[in-house]
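Read the structure below first, then the notes.
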Amino acid sequence: MSAAPALAPMPRVHLVGNPNAGKTTLFNALAGTRARTGNYPGVTVERRAATWKLGERSQHAEIELVDLPGTYSLSARSPEEQIAVDALLRDRPSVVVVVLDATSLQRSLYLALQVRETGLPTVVALNMMDEARASGIAIDEAAIGAALGATVVPIVASRGEGIDALARAVSDAIDAEVAPAPRITHDAATEADLRAVEEVAIRTLDVKGDAARAWASWALLSVGADDELRDVPAALRAIAEERQTKAEQEGRDLDLALVSARYAFLDRLASTSVRQARPARTLTDRIDAILVHPVLGFVAFALVMYVVFETLFSWSDPAIGLIEDGVGWAQDLARSGMAEGPFRDLLVDGILAGVGNVIVFVPQIGLLFLLISFLEDSGYLARVAFVIDRVMKSVGLHGKAFVPLLSGFACAVPAVMATRTIASHKDRLVTKLALPLMSCSARLPVYVLVTGTVFAGETRIAGIFSVGAVVLLSMYSLSVVATLAAAAVLRRTAVRGPRPTLVLELPPYRMPLVRNLLGTTWERVRAFLVDAGTIILALTIVLWALLTFPKSDEVAVAHEAQRIEARAELSGEALDARLAAIDASEAGEQLEHSAAGRLGKAIEPAIEPLGMDWRMGVGVIGAFAAREVFVSTLGIVFGIGDDADEESTSLREQLRDARRRDGSKLMTPLSGVALMVFFVLACQCMSTLAVVKRESGSWKWPILMFVYMTVLAYVVTLGVFQIGRALGWGTG
Amino acid sequence: MVLNKTMSLTGSTRLGDLPVGSRAVVAEVQCDRAVRRRLLELGVLPGTSVEVMRRAPLGDPIELSLRGYRLSIRGDEAHGIVVRDVVAEDTRVASPVGATSPE
């Protein structure tokens with residue numbers, strides 16, 4: 001007897017609630033900092049769980065608390081929406097805590113009623129009671145509890161009010177006998193449909209009583225020709241579809257009958273137990289009078305988006321600089337402290353560079369998520385979608401896709417992560433797959449190098465604009481057009497689905513909790529470091545190996561001979577300069593000899609029609625680490641060292657003088673434009689691929705993205721170069 | 001009369017046609033099944049009284065007030081919602097309590 005309690009399974013409590021009802025706040029208040037995050041199998045929804053220590057308040061000292069995704073209903077069309085219903089009907093937790101926003105009970109009680117229909121012991125946490133009282137809402141908690149068969153506990157999660165009472169209610173509910181589900185009256189025909197499906201549920205799912213009834217009403221509302229539900233027994237699906245068809249033939253509206261029966265029950269309940277003295281939300285309405293005003297609304301929108309953009313584009317720069325300096329310092333330290341050789345190179349140019357490639361994203365991800373969480377928790381993110389949805393809709397996107405797309409101008413990695421705020425998984429996927437076409441800041445050094453090389457003259461268009469500026473603007477315009485077009489095409493091909501819609505709650509404005517903002521931000525940063533970070537690190541090492549091995553002994557010996565000669569003939573600064581030139585030349589020749597160099601030569605026939613030669617090919621391969629690496633890789637190929645940047649005059653001169661095998665100039669205005677077009681469209685970024693893998697949960701989508709972007713880049717660049725050459729434009 | 005031009009060919013008034021500030025009672029929800037089910041479950045049901053709060057700056061989507069909360073939907077969906085008992089803004093009195101009007 002004494003050892004037995006330790007073996008008894010820990011009671012499990014599932015937390016469900018509407019979006020914006022304060023579910024995360026409550027979870028954080030209950031779990032403290034002990035939350036563990038993981039993923040639900042097969043979907044990209046995060047699963048958060050924690051051990052809730054009830055302590056002395058209960059004989060159940062510890063409870064497993066699971067935070068389910070926010071939802072308005074248990075009905076489902078997609079695997080993601082199915083998580084909540086599976087967590088209740090299949091997992092059968094000890095108790096369900098339903099978090100409701102006390103200021104909108106006339107709608108939110110719907111979810112509580114659905115949860116009670118499963119027959120599970122339920123505690124209703126009426127959150128935001130302070131707001132409800134302030135807006136004159138009087139709630140008869142006992143009457144609601146009696147009607148639903150649940151304990152109702154008023155709480156203010158943001159201030160920790162009512163948490164003790166909630167703990168007691170949950171503890172009691174674990175031990176108490178569960179109340180039967182409320183009886184909802186249906187018309188005779190609907191009742192017959194429910195009974196028929198219920199019988200099949202009992203047989204196929206090994207359930208009985210309230211659970212069987214809950215499965216039946218769930219199946220009738222959820223199953224449909226185009227649903228993507230998983231693990232629904234074939235017999236259950238068949239009977240649900242049969243009864244749906246039957247109802248349709250008889251001219252009955254089954255969806256409406258099932259939903260309105262619940263609302264009829266709830267409207268009766270609310271009419272006696274929820275009283276509102278005066279219309280609420282006056283503060284939110286006053287704020288919205290400005291923030292979604294036809295004119296002022298755009299000013300506010302532009303200001304907020306400017307802050308988002310600046311945060312990513314420049315305000316995160318100091319932190320990024322610090323990280324880059326730190327990594328550089330560690331690389332120097334390793335270089336000076338270790339003997340020369342492949343292990344030192346692996347550590348310095350593979351591992352340390354890889355770690356740098358990962359953590360360099362942390363400032364942007366962290367700052368962006370602080371901002372996005374603030375916008376979301378305050379209620380403004382929903383207004384962003386409201387204001388800009390008309391524009392997004394025209395390309396088949398959701399209003400909430402705007403912030404991720406804008407972030408794409410800075411960097412696709414945080415931008416892809418920012419798509420989490422989009423509720424529908426198809427909308428989210430399309431946004432993720434299209435936004436890497438936005439011209440990110442890593443492309444800028446490539447544009448600067450190329451325009452500086454081929455458009456350096458003083459020619460001006462209409463006497464005002466320099467050619468370089470016009471070309472640069474064209475590249476940004478091309479990237480926007482390509483992104484929107486790709487979204488529209490993907491919506492009709494790879495990510496087909498029902499016509500995208502916007503059905504969006506506009507929650508009241510609320511002051512976000514710092515604890516929630518920090519918690520969400522840390523979760524995102526951690527997920528990136530752990531999941532995407534390992535992929536980026538591994539790819540950096542692979543890329544380093546490709547660019548380093550095999551080494552040519554001949555080249556090494558020849559350059560060593562040059563060094564000996566130089567040391568014999570020169571001294572002082574002249575010697576240093578000569579040695580640096582020998583090093584650079586050796587690096588260039590070794591790169592040519594490496595796997596990447598050979599690959600560059602192997603693909604030369606394929607990229608020649610795009611106006612590139614093998615040296616460009618090597619640059620493109622190196623740029624897979626990050627697009628700006630194109631510049632330093634070219635620096636090595638052209639034998640001027642690995643520290644060349646886009647402003648480097650010697651690199652520009654080398655490029656201007658470079659010749660193809662046939663003796664024609666490598667860099668003409670036309671081949672320069674072609675190269676930039678290629679960089680706008682090509683998926684030249686392993687970090688983006690890694691983060692899309694992390695956020696979509698499978699390799700399928702990053703592979704699709706890589707293929708479609710590469711094909712697009714190839715075809716368009718080919719067109720630009722070949723048509724331009726045929727017209728004789730910019731070839732001189 | 002402003003509301004005349006909002007009558008569709010079948011004579012039914014659509015939520016999407018109502019000017020900002022008007023109230024009405026939902027009579028029928030005619031959208032694709034998936035959207036329709038979501039709207040129904042969010043409480044946009046026949047008998048529910050709805051107020052058009054505002055249009056987005058670009059004219060679409062619209063903001064509705066119903067059942068004590070605010071919902072934003074696109075014009076496409078709003079045109080699928082047939083309404084009755086339309087009350088224009090100027091004739092409106094203080095908003096009554098309760099989510100539904102008597103059938």
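Chain labels follow the order of the structure tokens: the first chain is A, the next B, and so on; residue numbering restarts at 1 in every chain, and ligands are counted from 1 in their shown order.
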Next item on the list: From a DSSP pass on the backbone, collect the residues of segment 84-167 of chain A flagged as strand (DSSP E) and hand them back as a PyMOL selection string.
Entry: chain A and resi 95-101+122-127+137-139+151-154
Can you list every residue of chain B that has an atom at most 6 Å from chain A, with its nearest atom pair and the distance in Å to one decimal, using only C-alpha atoms, ordered by chain then number, as JSON lines?
```
{"residue": "B:Ala56", "atom": "CA", "partner": "A:Val387", "partner_atom": "CA", "distance": 5.5}
{"residue": "B:Pro57", "atom": "CA", "partner": "A:Pro294", "partner_atom": "CA", "distance": 4.2}
{"residue": "B:Asp60", "atom": "CA", "partner": "A:Arg390", "partner_atom": "CA", "distance": 5.7}
{"residue": "B:Arg67", "atom": "CA", "partner": "A:Gln106", "partner_atom": "CA", "distance": 5.2}
{"residue": "B:Gly68", "atom": "CA", "partner": "A:Ser104", "partner_atom": "CA", "distance": 5.0}
{"residue": "B:Tyr69", "atom": "CA", "partner": "A:Ser104", "partner_atom": "CA", "distance": 5.8}
{"residue": "B:Arg70", "atom": "CA", "partner": "A:Leu506", "partner_atom": "CA", "distance": 5.3}
{"residue": "B:Leu71", "atom": "CA", "partner": "A:Glu505", "partner_atom": "CA", "distance": 4.5}
{"residue": "B:Ser72", "atom": "CA", "partner": "A:Leu504", "partner_atom": "CA", "distance": 5.0}
{"residue": "B:Ile73", "atom": "CA", "partner": "A:Val503", "partner_atom": "CA", "distance": 4.9}
```
Mind dumping the selected residues with N, CA, C and O atoms as an mmCIF file, in the first residue's frame?
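Result written to out_24.cif:
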```
data_model
loop_
_atom_site.group_PDB
_atom_site.id
_atom_site.type_symbol
_atom_site.label_atom_id
_atom_site.label_comp_id
_atom_site.auth_asym_id
_atom_site.auth_seq_id
_atom_site.Cartn_x
_atom_site.Cartn_y
_atom_site.Cartn_z
ATOM 1 N N ALA B 56 -13.157 48.198 -43.237
ATOM 2 C CA ALA B 56 -11.712 48.447 -43.225
ATOM 3 C C ALA B 56 -11.426 49.632 -44.140
ATOM 4 O O ALA B 56 -12.217 49.928 -45.033
ATOM 5 N N PRO B 57 -10.302 50.315 -43.925
ATOM 6 C CA PRO B 57 -9.995 51.503 -44.727
ATOM 7 C C PRO B 57 -10.107 51.277 -46.232
ATOM 8 O O PRO B 57 -10.486 52.185 -46.959
ATOM 9 N N ASP B 60 -12.951 46.670 -47.458
ATOM 10 C CA ASP B 60 -13.156 45.256 -47.190
ATOM 11 C C ASP B 60 -11.973 44.799 -46.343
ATOM 12 O O ASP B 60 -10.853 45.249 -46.582
ATOM 13 N N ARG B 67 -23.117 38.981 -30.251
ATOM 14 C CA ARG B 67 -22.879 38.144 -29.066
ATOM 15 C C ARG B 67 -21.750 38.674 -28.181
ATOM 16 O O ARG B 67 -20.949 37.912 -27.653
ATOM 17 N N GLY B 68 -21.643 40.011 -28.072
ATOM 18 C CA GLY B 68 -20.673 40.587 -27.146
ATOM 19 C C GLY B 68 -19.249 40.557 -27.639
ATOM 20 O O GLY B 68 -18.330 40.789 -26.874
ATOM 21 N N TYR B 69 -19.018 40.239 -28.916
ATOM 22 C CA TYR B 69 -17.642 40.295 -29.429
ATOM 23 C C TYR B 69 -17.642 40.861 -30.832
ATOM 24 O O TYR B 69 -18.679 41.145 -31.409
ATOM 25 N N ARG B 70 -16.434 41.059 -31.357
ATOM 26 C CA ARG B 70 -16.261 41.658 -32.679
ATOM 27 C C ARG B 70 -15.674 40.646 -33.631
ATOM 28 O O ARG B 70 -14.682 39.983 -33.307
ATOM 29 N N LEU B 71 -16.275 40.545 -34.807
ATOM 30 C CA LEU B 71 -15.844 39.574 -35.796
ATOM 31 C C LEU B 71 -15.622 40.300 -37.112
ATOM 32 O O LEU B 71 -16.422 41.139 -37.509
ATOM 33 N N SER B 72 -14.522 39.956 -37.770
ATOM 34 C CA SER B 72 -14.232 40.560 -39.058
ATOM 35 C C SER B 72 -14.381 39.494 -40.135
ATOM 36 O O SER B 72 -13.835 38.402 -40.014
ATOM 37 N N ILE B 73 -15.163 39.809 -41.176
ATOM 38 C CA ILE B 73 -15.295 38.880 -42.303
ATOM 39 C C ILE B 73 -15.194 39.667 -43.605
ATOM 40 O O ILE B 73 -15.411 40.872 -43.627
#
```
Checklist line | Secondary structure check, helix (DSSP H, G or I) residues of segment 51-87 of chain B, as number ranges by chain | finding: B: 75-78
Margin query: Quick one: residues within 10 Å of Leu30 of chain A, only C-alpha atoms, excluding same-chain residues fewer than 5 positions away - as an MDAnalysis selection string?
Written below: chainID A and resid 24:25 35 50:54 65 157 160 163:164 166:167
Output of the above residues as a PDB file, in the first residue's frame, restricted to C-alpha atoms:
```pdb
ATOM      1  CA  THR A  24      -1.375  31.111 -22.347  1.00  0.00           C
ATOM      2  CA  THR A  25      -1.382  33.546 -19.439  1.00  0.00           C
ATOM      3  CA  ALA A  35       6.926  24.315 -19.413  1.00  0.00           C
ATOM      4  CA  ALA A  50       4.203  21.204 -17.547  1.00  0.00           C
ATOM      5  CA  THR A  51       3.986  19.718 -14.124  1.00  0.00           C
ATOM      6  CA  TRP A  52       1.475  21.742 -12.138  1.00  0.00           C
ATOM      7  CA  LYS A  53       2.363  21.590  -8.460  1.00  0.00           C
ATOM      8  CA  LEU A  54      -0.816  21.794  -6.443  1.00  0.00           C
ATOM      9  CA  LEU A  65      -0.897  20.032 -17.398  1.00  0.00           C
ATOM     10  CA  ALA A 157      -5.084  35.068 -14.850  1.00  0.00           C
ATOM     11  CA  GLY A 160      -3.014  35.439 -10.463  1.00  0.00           C
ATOM     12  CA  ILE A 163      -5.675  30.458  -9.079  1.00  0.00           C
ATOM     13  CA  ASP A 164      -5.985  28.807  -5.646  1.00  0.00           C
ATOM     14  CA  LEU A 166      -9.048  26.881  -9.557  1.00  0.00           C
ATOM     15  CA  ALA A 167      -6.501  24.429  -8.130  1.00  0.00           C
TER      16      ALA A 167
END
```
Notebook entry, point to check: Do you know which residues are at most 9 Å from Cys31 of chain B counting only C-alpha atoms, after dropping those on the same chain fewer than 2 positions away, and could you put them as a list in words?
Noted result: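 Here the qualifying residues turn out to be Val29, Arg33, Ala34, Val35, Arg36, Arg37, Asp76, Glu77, His79, Gly80 and Ile81 of chain B.
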Can you spit out the residues from that selection as a PDB file, in the first residue's frame, using all heavy atoms?
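Contents of selection_5.pdb, freshly written:
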```pdb
ATOM      1  N   VAL B  29     -27.567  31.811 -43.623  1.00  0.00           N
ATOM      2  CA  VAL B  29     -26.135  31.869 -43.914  1.00  0.00           C
ATOM      3  C   VAL B  29     -25.873  30.963 -45.110  1.00  0.00           C
ATOM      4  O   VAL B  29     -26.063  29.753 -45.035  1.00  0.00           O
ATOM      5  CB  VAL B  29     -25.289  31.399 -42.696  1.00  0.00           C
ATOM      6  CG1 VAL B  29     -23.798  31.536 -42.987  1.00  0.00           C
ATOM      7  CG2 VAL B  29     -25.662  32.204 -41.462  1.00  0.00           C
ATOM      8  N   ARG B  33     -19.482  25.230 -47.371  1.00  0.00           N
ATOM      9  CA  ARG B  33     -19.767  24.504 -46.133  1.00  0.00           C
ATOM     10  C   ARG B  33     -18.740  24.791 -45.037  1.00  0.00           C
ATOM     11  O   ARG B  33     -19.104  25.011 -43.884  1.00  0.00           O
ATOM     12  CB  ARG B  33     -19.834  23.001 -46.385  1.00  0.00           C
ATOM     13  CG  ARG B  33     -20.283  22.282 -45.127  1.00  0.00           C
ATOM     14  CD  ARG B  33     -20.390  20.786 -45.242  1.00  0.00           C
ATOM     15  NE  ARG B  33     -20.689  20.276 -43.898  1.00  0.00           N
ATOM     16  CZ  ARG B  33     -20.122  19.201 -43.381  1.00  0.00           C
ATOM     17  NH1 ARG B  33     -19.258  18.506 -44.066  1.00  0.00           N
ATOM     18  NH2 ARG B  33     -20.442  18.832 -42.148  1.00  0.00           N
ATOM     19  N   ALA B  34     -17.450  24.812 -45.393  1.00  0.00           N
ATOM     20  CA  ALA B  34     -16.420  24.982 -44.358  1.00  0.00           C
ATOM     21  C   ALA B  34     -16.549  26.353 -43.680  1.00  0.00           C
ATOM     22  O   ALA B  34     -16.525  26.452 -42.452  1.00  0.00           O
ATOM     23  CB  ALA B  34     -15.030  24.814 -44.969  1.00  0.00           C
ATOM     24  N   VAL B  35     -16.701  27.396 -44.469  1.00  0.00           N
ATOM     25  CA  VAL B  35     -16.830  28.744 -43.902  1.00  0.00           C
ATOM     26  C   VAL B  35     -18.143  28.875 -43.150  1.00  0.00           C
ATOM     27  O   VAL B  35     -18.217  29.464 -42.075  1.00  0.00           O
ATOM     28  CB  VAL B  35     -16.803  29.809 -45.021  1.00  0.00           C
ATOM     29  CG1 VAL B  35     -16.730  31.196 -44.416  1.00  0.00           C
ATOM     30  CG2 VAL B  35     -15.662  29.569 -45.957  1.00  0.00           C
ATOM     31  N   ARG B  36     -19.162  28.290 -43.738  1.00  0.00           N
ATOM     32  CA  ARG B  36     -20.484  28.379 -43.127  1.00  0.00           C
ATOM     33  C   ARG B  36     -20.468  27.743 -41.739  1.00  0.00           C
ATOM     34  O   ARG B  36     -20.979  28.305 -40.772  1.00  0.00           O
ATOM     35  CB  ARG B  36     -21.486  27.648 -44.027  1.00  0.00           C
ATOM     36  CG  ARG B  36     -22.911  27.671 -43.506  1.00  0.00           C
ATOM     37  CD  ARG B  36     -23.856  27.131 -44.584  1.00  0.00           C
ATOM     38  NE  ARG B  36     -25.235  27.368 -44.180  1.00  0.00           N
ATOM     39  CZ  ARG B  36     -25.968  26.479 -43.528  1.00  0.00           C
ATOM     40  NH1 ARG B  36     -25.433  25.309 -43.193  1.00  0.00           N
ATOM     41  NH2 ARG B  36     -27.214  26.749 -43.192  1.00  0.00           N
ATOM     42  N   ARG B  37     -19.842  26.556 -41.674  1.00  0.00           N
ATOM     43  CA  ARG B  37     -19.786  25.888 -40.374  1.00  0.00           C
ATOM     44  C   ARG B  37     -19.043  26.735 -39.355  1.00  0.00           C
ATOM     45  O   ARG B  37     -19.442  26.848 -38.197  1.00  0.00           O
ATOM     46  CB  ARG B  37     -19.098  24.532 -40.544  1.00  0.00           C
ATOM     47  CG  ARG B  37     -19.294  23.604 -39.388  1.00  0.00           C
ATOM     48  CD  ARG B  37     -18.162  22.603 -39.325  1.00  0.00           C
ATOM     49  NE  ARG B  37     -16.926  23.277 -38.988  1.00  0.00           N
ATOM     50  CZ  ARG B  37     -15.710  22.770 -39.195  1.00  0.00           C
ATOM     51  NH1 ARG B  37     -15.582  21.610 -39.759  1.00  0.00           N
ATOM     52  NH2 ARG B  37     -14.636  23.453 -38.853  1.00  0.00           N
ATOM     53  N   ASP B  76     -17.110  38.935 -49.388  1.00  0.00           N
ATOM     54  CA  ASP B  76     -17.599  37.706 -50.027  1.00  0.00           C
ATOM     55  C   ASP B  76     -18.492  36.913 -49.079  1.00  0.00           C
ATOM     56  O   ASP B  76     -19.555  36.417 -49.459  1.00  0.00           O
ATOM     57  CB  ASP B  76     -16.413  36.807 -50.424  1.00  0.00           C
ATOM     58  CG  ASP B  76     -15.440  37.523 -51.345  1.00  0.00           C
ATOM     59  OD1 ASP B  76     -15.847  38.557 -51.915  1.00  0.00           O
ATOM     60  OD2 ASP B  76     -14.291  37.064 -51.470  1.00  0.00           O
ATOM     61  N   GLU B  77     -18.035  36.789 -47.819  1.00  0.00           N
ATOM     62  CA  GLU B  77     -18.821  36.053 -46.826  1.00  0.00           C
ATOM     63  C   GLU B  77     -20.046  36.863 -46.413  1.00  0.00           C
ATOM     64  O   GLU B  77     -21.137  36.323 -46.245  1.00  0.00           O
ATOM     65  CB  GLU B  77     -17.962  35.728 -45.597  1.00  0.00           C
ATOM     66  CG  GLU B  77     -17.131  34.462 -45.744  1.00  0.00           C
ATOM     67  CD  GLU B  77     -16.002  34.603 -46.742  1.00  0.00           C
ATOM     68  OE1 GLU B  77     -15.204  35.552 -46.603  1.00  0.00           O
ATOM     69  OE2 GLU B  77     -15.935  33.778 -47.661  1.00  0.00           O
ATOM     70  N   HIS B  79     -21.742  38.813 -48.105  1.00  0.00           N
ATOM     71  CA  HIS B  79     -22.794  38.749 -49.126  1.00  0.00           C
ATOM     72  C   HIS B  79     -23.517  37.418 -49.103  1.00  0.00           C
ATOM     73  O   HIS B  79     -24.568  37.275 -49.709  1.00  0.00           O
ATOM     74  CB  HIS B  79     -22.215  39.043 -50.507  1.00  0.00           C
ATOM     75  CG  HIS B  79     -22.038  40.507 -50.741  1.00  0.00           C
ATOM     76  ND1 HIS B  79     -23.084  41.317 -51.125  1.00  0.00           N
ATOM     77  CD2 HIS B  79     -20.973  41.313 -50.567  1.00  0.00           C
ATOM     78  CE1 HIS B  79     -22.649  42.558 -51.209  1.00  0.00           C
ATOM     79  NE2 HIS B  79     -21.366  42.593 -50.860  1.00  0.00           N
ATOM     80  N   GLY B  80     -22.932  36.439 -48.408  1.00  0.00           N
ATOM     81  CA  GLY B  80     -23.612  35.164 -48.272  1.00  0.00           C
ATOM     82  C   GLY B  80     -24.579  35.134 -47.100  1.00  0.00           C
ATOM     83  O   GLY B  80     -25.265  34.144 -46.877  1.00  0.00           O
ATOM     84  N   ILE B  81     -24.616  36.213 -46.320  1.00  0.00           N
ATOM     85  CA  ILE B  81     -25.470  36.234 -45.135  1.00  0.00           C
ATOM     86  C   ILE B  81     -26.702  37.096 -45.408  1.00  0.00           C
ATOM     87  O   ILE B  81     -26.596  38.303 -45.630  1.00  0.00           O
ATOM     88  CB  ILE B  81     -24.681  36.758 -43.917  1.00  0.00           C
ATOM     89  CG1 ILE B  81     -23.493  35.823 -43.622  1.00  0.00           C
ATOM     90  CG2 ILE B  81     -25.594  36.867 -42.698  1.00  0.00           C
ATOM     91  CD1 ILE B  81     -22.545  36.346 -42.558  1.00  0.00           C
TER      92      ILE B  81
END
```
Write out as a CSV table (one decimal) with C-alpha atoms, in the first residue's frame each polymer residue whose atoms come within 10 Å of Glu647 of chain A, counting only C-alpha atoms; drop sequence neighbours fewer than 3 positions from it.
```csv
chain,number,residue,atom,x,y,z
A,445,PRO,CA,25.9,43.0,-51.1
A,448,VAL,CA,26.0,46.5,-54.7
A,449,LEU,CA,29.0,44.5,-56.1
A,452,GLY,CA,29.4,48.9,-58.7
A,453,THR,CA,31.1,46.8,-61.3
A,631,VAL,CA,31.1,38.2,-52.7
A,644,ALA,CA,36.9,41.1,-50.2
A,650,SER,CA,40.2,45.3,-56.5
A,651,LEU,CA,37.4,42.8,-56.8
A,652,ARG,CA,35.4,45.2,-59.0
```
Check: Using only C-alpha atoms, which of the listed residues (B:Leu15, B:Val20, B:Val82, B:Val26) sits closest to Gly59 of chain B?
Finding: B:Val20
Margin query: When you count only C-alpha atoms, which of these residues is closest to Ala545 of chain A: A:Thr282, A:Ser439, A:Ser594, A:Ser687?
Written below: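 The shortest atom-to-atom distance to Ala545 of chain A comes from A:Ser594.
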Note to self: What does the structure give for the distance between atom CA of Leu610 of chain A and atom CA of Met667 of chain A, in Å to one decimal?
What the structure shows: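 Here the two named atoms are 11.8 Å from each other.
Straight-line separation from atom CA of Gln590 of chain A to atom CA of Gly337 of chain A: 24.1 Å.
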Notebook entry, point to check: B:Ser49, B:Ala78, B:Ala24, B:Arg38: which is nearest Pro61 of chain B, counting only C-alpha atoms?
Noted result: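 That would be B:Ala78, the residue with the smallest distance to Pro61 of chain B.
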Give me the residues within 6 Å of segment 509-522 of chain A as a compact mmCIF listing (two decimals) with N, CA, C and O atoms, in the first residue's frame, counting only C-alpha atoms and dropping any in the same chain fewer than 2 places off.
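As written to disk, out33.txt reads:
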```txt
# COMPACT_ATOMS: atom_id res chain seq x y z
N THR A 284 -11.88 50.25 -26.35
CA THR A 284 -11.41 49.67 -27.60
C THR A 284 -11.99 50.41 -28.79
O THR A 284 -11.30 50.67 -29.77
N GLY A 366 14.68 37.12 -32.06
CA GLY A 366 14.25 37.57 -30.74
C GLY A 366 13.49 38.88 -30.80
O GLY A 366 12.38 38.99 -30.27
N PHE A 369 10.08 38.56 -32.59
CA PHE A 369 9.03 37.90 -31.82
C PHE A 369 8.59 38.69 -30.60
O PHE A 369 7.41 38.62 -30.21
N LEU A 370 9.50 39.47 -30.03
CA LEU A 370 9.06 40.40 -28.98
C LEU A 370 8.00 41.34 -29.55
O LEU A 370 6.94 41.56 -28.95
N SER A 373 4.74 39.36 -30.64
CA SER A 373 3.95 38.97 -29.46
C SER A 373 3.26 40.18 -28.86
O SER A 373 2.12 40.10 -28.41
N ASP A 377 -0.67 40.13 -28.58
CA ASP A 377 -1.31 40.16 -27.26
C ASP A 377 -2.06 41.46 -27.02
O ASP A 377 -3.03 41.49 -26.27
N SER A 378 -1.59 42.55 -27.63
CA SER A 378 -2.29 43.82 -27.43
C SER A 378 -3.58 43.88 -28.24
O SER A 378 -4.46 44.66 -27.95
N GLY A 379 -3.70 43.04 -29.27
CA GLY A 379 -4.88 43.06 -30.12
C GLY A 379 -4.65 43.76 -31.44
O GLY A 379 -5.49 43.70 -32.34
N ARG A 524 10.50 30.60 -29.15
CA ARG A 524 10.81 30.65 -30.58
C ARG A 524 12.31 30.57 -30.81
O ARG A 524 12.79 29.84 -31.67
N VAL A 525 13.07 31.33 -30.02
CA VAL A 525 14.53 31.33 -30.18
C VAL A 525 15.08 29.93 -29.91
O VAL A 525 15.90 29.41 -30.65
N ARG A 526 14.55 29.31 -28.85
CA ARG A 526 15.02 27.99 -28.47
C ARG A 526 14.71 26.97 -29.57
O ARG A 526 15.55 26.17 -29.96
```
